[in-house]
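Participant: Have a look at this one before I ask anything.
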Amino acid sequence: MYRHAGSKLEVLLVHPGGPYWRGKDEGAWSIPKGEMEASEDAMSAASREFTEETGVRLAGPLEPLGEIRQRGGKRVVAFAVEGDLDAATIMSNSFEIEWPPRSGKMQAFPEIDRAQWFELPVADAKILEGQRPLERPDASAQLSLPLDHPVVSELKQLDLERLSPREALEKLFAWQGQHAAH
């Protein structure tokens, strides 16, 4: 999910719940995501998972961003939607694990313990490394938005299509900094 906050673009990221992620911040946040069921298409799964992880039903149309593979091999098909929500009010589903390990005690934890809006440069530091495909020169791992997408329509003049993903991201961040100064 993304929104415009004045002249800046912000993205919603979620922090995973549970004991493993407690105390981790930079490089620990994620886009809302989950498992696709056998009978679902990727767009339906993305909408369902967003609702399960945040408690918020998406109202706008989903726009395909692309596909990545995370370090552990998990395939992520990503979508964007313009919207707004109060990140402090998310209500996530939960999962159970044996905790502490080998204790025989099952404990429930929220799948997502919090959500937050971040400007792009901050989001880049917070998001899981495997979800930073625009920084990677490997074209198979990059996400792309069509140039007529509302988020980038103003950026057509920057000629991002001819740049490597890293160069395009740097140019986009530079543009955002200049745009915010005006």
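Residues in the structure tokens are named by chain (A, B, ... in the order shown) and by number from 1 within that chain; ligands are numbered from 1 in the order shown.
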When you look at A:Glu10 with a cut-off of 6 Å (counting only C-alpha atoms), what residues show up, excluding the ones that are within fewer than 6 positions of it in the same chain? I need them as a PyMOL selection string.
Facilitator: chain A and resi 2-3+117-119
Participant: Could you save the residues just selected, with C-alpha atoms, as a PDB file, in the first residue's frame?
Facilitator:
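Full text of again-v2.pdb as output:
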ATOM      1  CA  TYR A   2       1.247   3.471  -0.756  1.00  0.00           C
ATOM      2  CA  ARG A   3       0.020   6.978  -0.081  1.00  0.00           C
ATOM      3  CA  TRP A 117       4.313   4.207   7.051  1.00  0.00           C
ATOM      4  CA  PHE A 118       7.807   4.982   5.731  1.00  0.00           C
ATOM      5  CA  GLU A 119       9.179   7.360   3.128  1.00  0.00           C
TER       6      GLU A 119
END
Participant: Per DSSP on the backbone, what are the helix (DSSP H, G or I) residues of stretch 10-161 of chain A, as number ranges by chain?
Facilitator: A: 42-54, 87-89, 120-126, 129-131, 133-135, 139-141, 153-158, 160-161
Participant: Pull N, CA and C atoms from the residues just selected and write them as a compact mmCIF listing (two decimals), in the first residue's frame.
Facilitator:
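Saved file selection-v4.txt follows:
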# COMPACT_ATOMS: atom_id res chain seq x y z
N ALA A 42 -2.99 -15.03 -7.77
CA ALA A 42 -2.09 -14.21 -6.95
C ALA A 42 -2.77 -12.94 -6.43
N MET A 43 -3.60 -12.30 -7.24
CA MET A 43 -4.25 -11.06 -6.82
C MET A 43 -5.24 -11.31 -5.67
N SER A 44 -6.01 -12.38 -5.77
CA SER A 44 -6.96 -12.72 -4.69
C SER A 44 -6.21 -13.06 -3.41
N ALA A 45 -5.12 -13.81 -3.55
CA ALA A 45 -4.32 -14.17 -2.37
C ALA A 45 -3.73 -12.92 -1.72
N ALA A 46 -3.23 -11.99 -2.53
CA ALA A 46 -2.65 -10.76 -1.98
C ALA A 46 -3.69 -9.96 -1.20
N SER A 47 -4.87 -9.85 -1.75
CA SER A 47 -5.95 -9.11 -1.08
C SER A 47 -6.34 -9.80 0.23
N ARG A 48 -6.50 -11.13 0.19
CA ARG A 48 -6.87 -11.89 1.40
C ARG A 48 -5.79 -11.77 2.47
N GLU A 49 -4.53 -11.95 2.07
CA GLU A 49 -3.43 -11.88 3.03
C GLU A 49 -3.29 -10.50 3.65
N PHE A 50 -3.50 -9.45 2.85
CA PHE A 50 -3.44 -8.09 3.40
C PHE A 50 -4.48 -7.94 4.50
N THR A 51 -5.68 -8.42 4.24
CA THR A 51 -6.75 -8.34 5.24
C THR A 51 -6.42 -9.18 6.47
N GLU A 52 -5.90 -10.40 6.28
CA GLU A 52 -5.55 -11.24 7.42
C GLU A 52 -4.45 -10.63 8.27
N GLU A 53 -3.48 -9.98 7.63
CA GLU A 53 -2.33 -9.46 8.37
C GLU A 53 -2.58 -8.08 8.98
N THR A 54 -3.52 -7.33 8.43
CA THR A 54 -3.74 -5.97 8.94
C THR A 54 -5.13 -5.76 9.52
N ALA A 87 -1.98 2.95 10.89
CA ALA A 87 -1.10 1.80 11.15
C ALA A 87 -1.19 1.32 12.59
N ALA A 88 -1.54 2.20 13.50
CA ALA A 88 -1.62 1.82 14.92
C ALA A 88 -2.82 0.92 15.22
N THR A 89 -3.76 0.81 14.29
CA THR A 89 -4.98 0.05 14.56
C THR A 89 -5.02 -1.31 13.87
N LEU A 120 10.26 6.45 1.15
CA LEU A 120 11.03 5.45 0.42
C LEU A 120 12.45 5.22 0.92
N PRO A 121 13.25 6.26 1.17
CA PRO A 121 14.63 5.99 1.63
C PRO A 121 14.67 5.23 2.96
N VAL A 122 13.75 5.53 3.87
CA VAL A 122 13.71 4.84 5.16
C VAL A 122 13.19 3.41 4.96
N ALA A 123 12.17 3.26 4.12
CA ALA A 123 11.64 1.93 3.83
C ALA A 123 12.72 1.02 3.27
N ASP A 124 13.59 1.59 2.46
CA ASP A 124 14.67 0.81 1.86
C ASP A 124 15.58 0.20 2.93
N ALA A 125 15.81 0.92 4.02
CA ALA A 125 16.65 0.40 5.11
C ALA A 125 15.88 -0.58 5.98
N LYS A 126 14.58 -0.41 6.11
CA LYS A 126 13.77 -1.23 7.01
C LYS A 126 13.37 -2.57 6.40
N GLU A 129 16.00 -7.65 3.10
CA GLU A 129 16.91 -7.56 1.95
C GLU A 129 16.33 -8.23 0.71
N GLY A 130 15.69 -9.36 0.87
CA GLY A 130 15.11 -10.08 -0.27
C GLY A 130 13.98 -9.35 -0.95
N GLN A 131 13.47 -8.30 -0.31
CA GLN A 131 12.40 -7.51 -0.90
C GLN A 131 12.91 -6.17 -1.43
N PRO A 133 14.34 -5.54 -4.44
CA PRO A 133 14.77 -5.92 -5.79
C PRO A 133 15.19 -4.75 -6.67
N LEU A 134 14.75 -3.57 -6.40
CA LEU A 134 15.15 -2.43 -7.24
C LEU A 134 16.61 -2.08 -7.06
N GLU A 135 17.20 -2.49 -5.97
CA GLU A 135 18.62 -2.21 -5.75
C GLU A 135 19.52 -3.24 -6.40
N ALA A 139 18.40 -8.52 -13.27
CA ALA A 139 17.12 -8.16 -13.88
C ALA A 139 16.01 -9.14 -13.53
N SER A 140 16.34 -10.39 -13.24
CA SER A 140 15.30 -11.37 -12.92
C SER A 140 14.68 -11.09 -11.56
N ALA A 141 15.33 -10.30 -10.73
CA ALA A 141 14.81 -10.04 -9.39
C ALA A 141 14.18 -8.67 -9.27
N SER A 153 4.05 8.54 -12.69
CA SER A 153 3.68 9.27 -13.90
C SER A 153 4.47 10.57 -14.06
N GLU A 154 4.78 11.23 -12.94
CA GLU A 154 5.56 12.46 -13.00
C GLU A 154 7.02 12.20 -13.35
N LEU A 155 7.45 10.95 -13.26
CA LEU A 155 8.87 10.62 -13.43
C LEU A 155 9.24 10.24 -14.86
N LYS A 156 8.31 10.29 -15.79
CA LYS A 156 8.60 9.90 -17.16
C LYS A 156 9.81 10.63 -17.72
N GLN A 157 9.93 11.89 -17.38
CA GLN A 157 11.03 12.70 -17.92
C GLN A 157 12.40 12.24 -17.40
N LEU A 158 12.44 11.42 -16.35
CA LEU A 158 13.73 10.98 -15.81
C LEU A 158 14.36 9.85 -16.63
N LEU A 160 13.84 6.56 -16.71
CA LEU A 160 14.25 5.47 -15.83
C LEU A 160 14.38 4.13 -16.55
N GLU A 161 13.66 3.97 -17.67
CA GLU A 161 13.68 2.68 -18.37
C GLU A 161 15.07 2.29 -18.86
Participant: Write out as a list in words which residues come within 12 Å of stretch 96-107 of chain A when counting only C-alpha atoms, dropping same-chain ones fewer than 6 positions away.
Facilitator: Gly17, Gly18, Pro19 and Tyr20 of chain A
Participant: Expressed in Å to a single decimal, how great is the separation between atom CA of A:Ala78 and atom CA of A:Ile90?
Facilitator: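 For atom CA of A:Ala78 relative to atom CA of A:Ile90, the distance reads 20.2 Å.
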Participant: Find the distance between atom CA of A:Ser30 and atom CA of A:Ile68 and write it in Å to one decimal.
Facilitator: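 Here the two named atoms are 13.0 Å from each other.
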Participant: Looking at only C-alpha atoms, which of A:Gly34, A:Gly83, A:Gly60, A:Ala28 is the one that sits closest to A:Ala5?
Facilitator: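 Result for the nearest residue to A:Ala5: A:Gly83.
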Participant: Find, counting only C-alpha atoms, the residue in A:Ser92, A:Gln70, A:Ser39, A:Gln116 that gets nearest to A:Leu128.
Facilitator: A:Gln70
Participant: What lies within 9 Å of A:Ala80 using only C-alpha atoms, ignoring chain neighbours under 5 positions off, as a list in words?
Facilitator: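 Final neighbour list, sorted by chain and number: Met1, Tyr2, Pro61, Leu62, Glu63, Pro64 and Leu65 of chain A.
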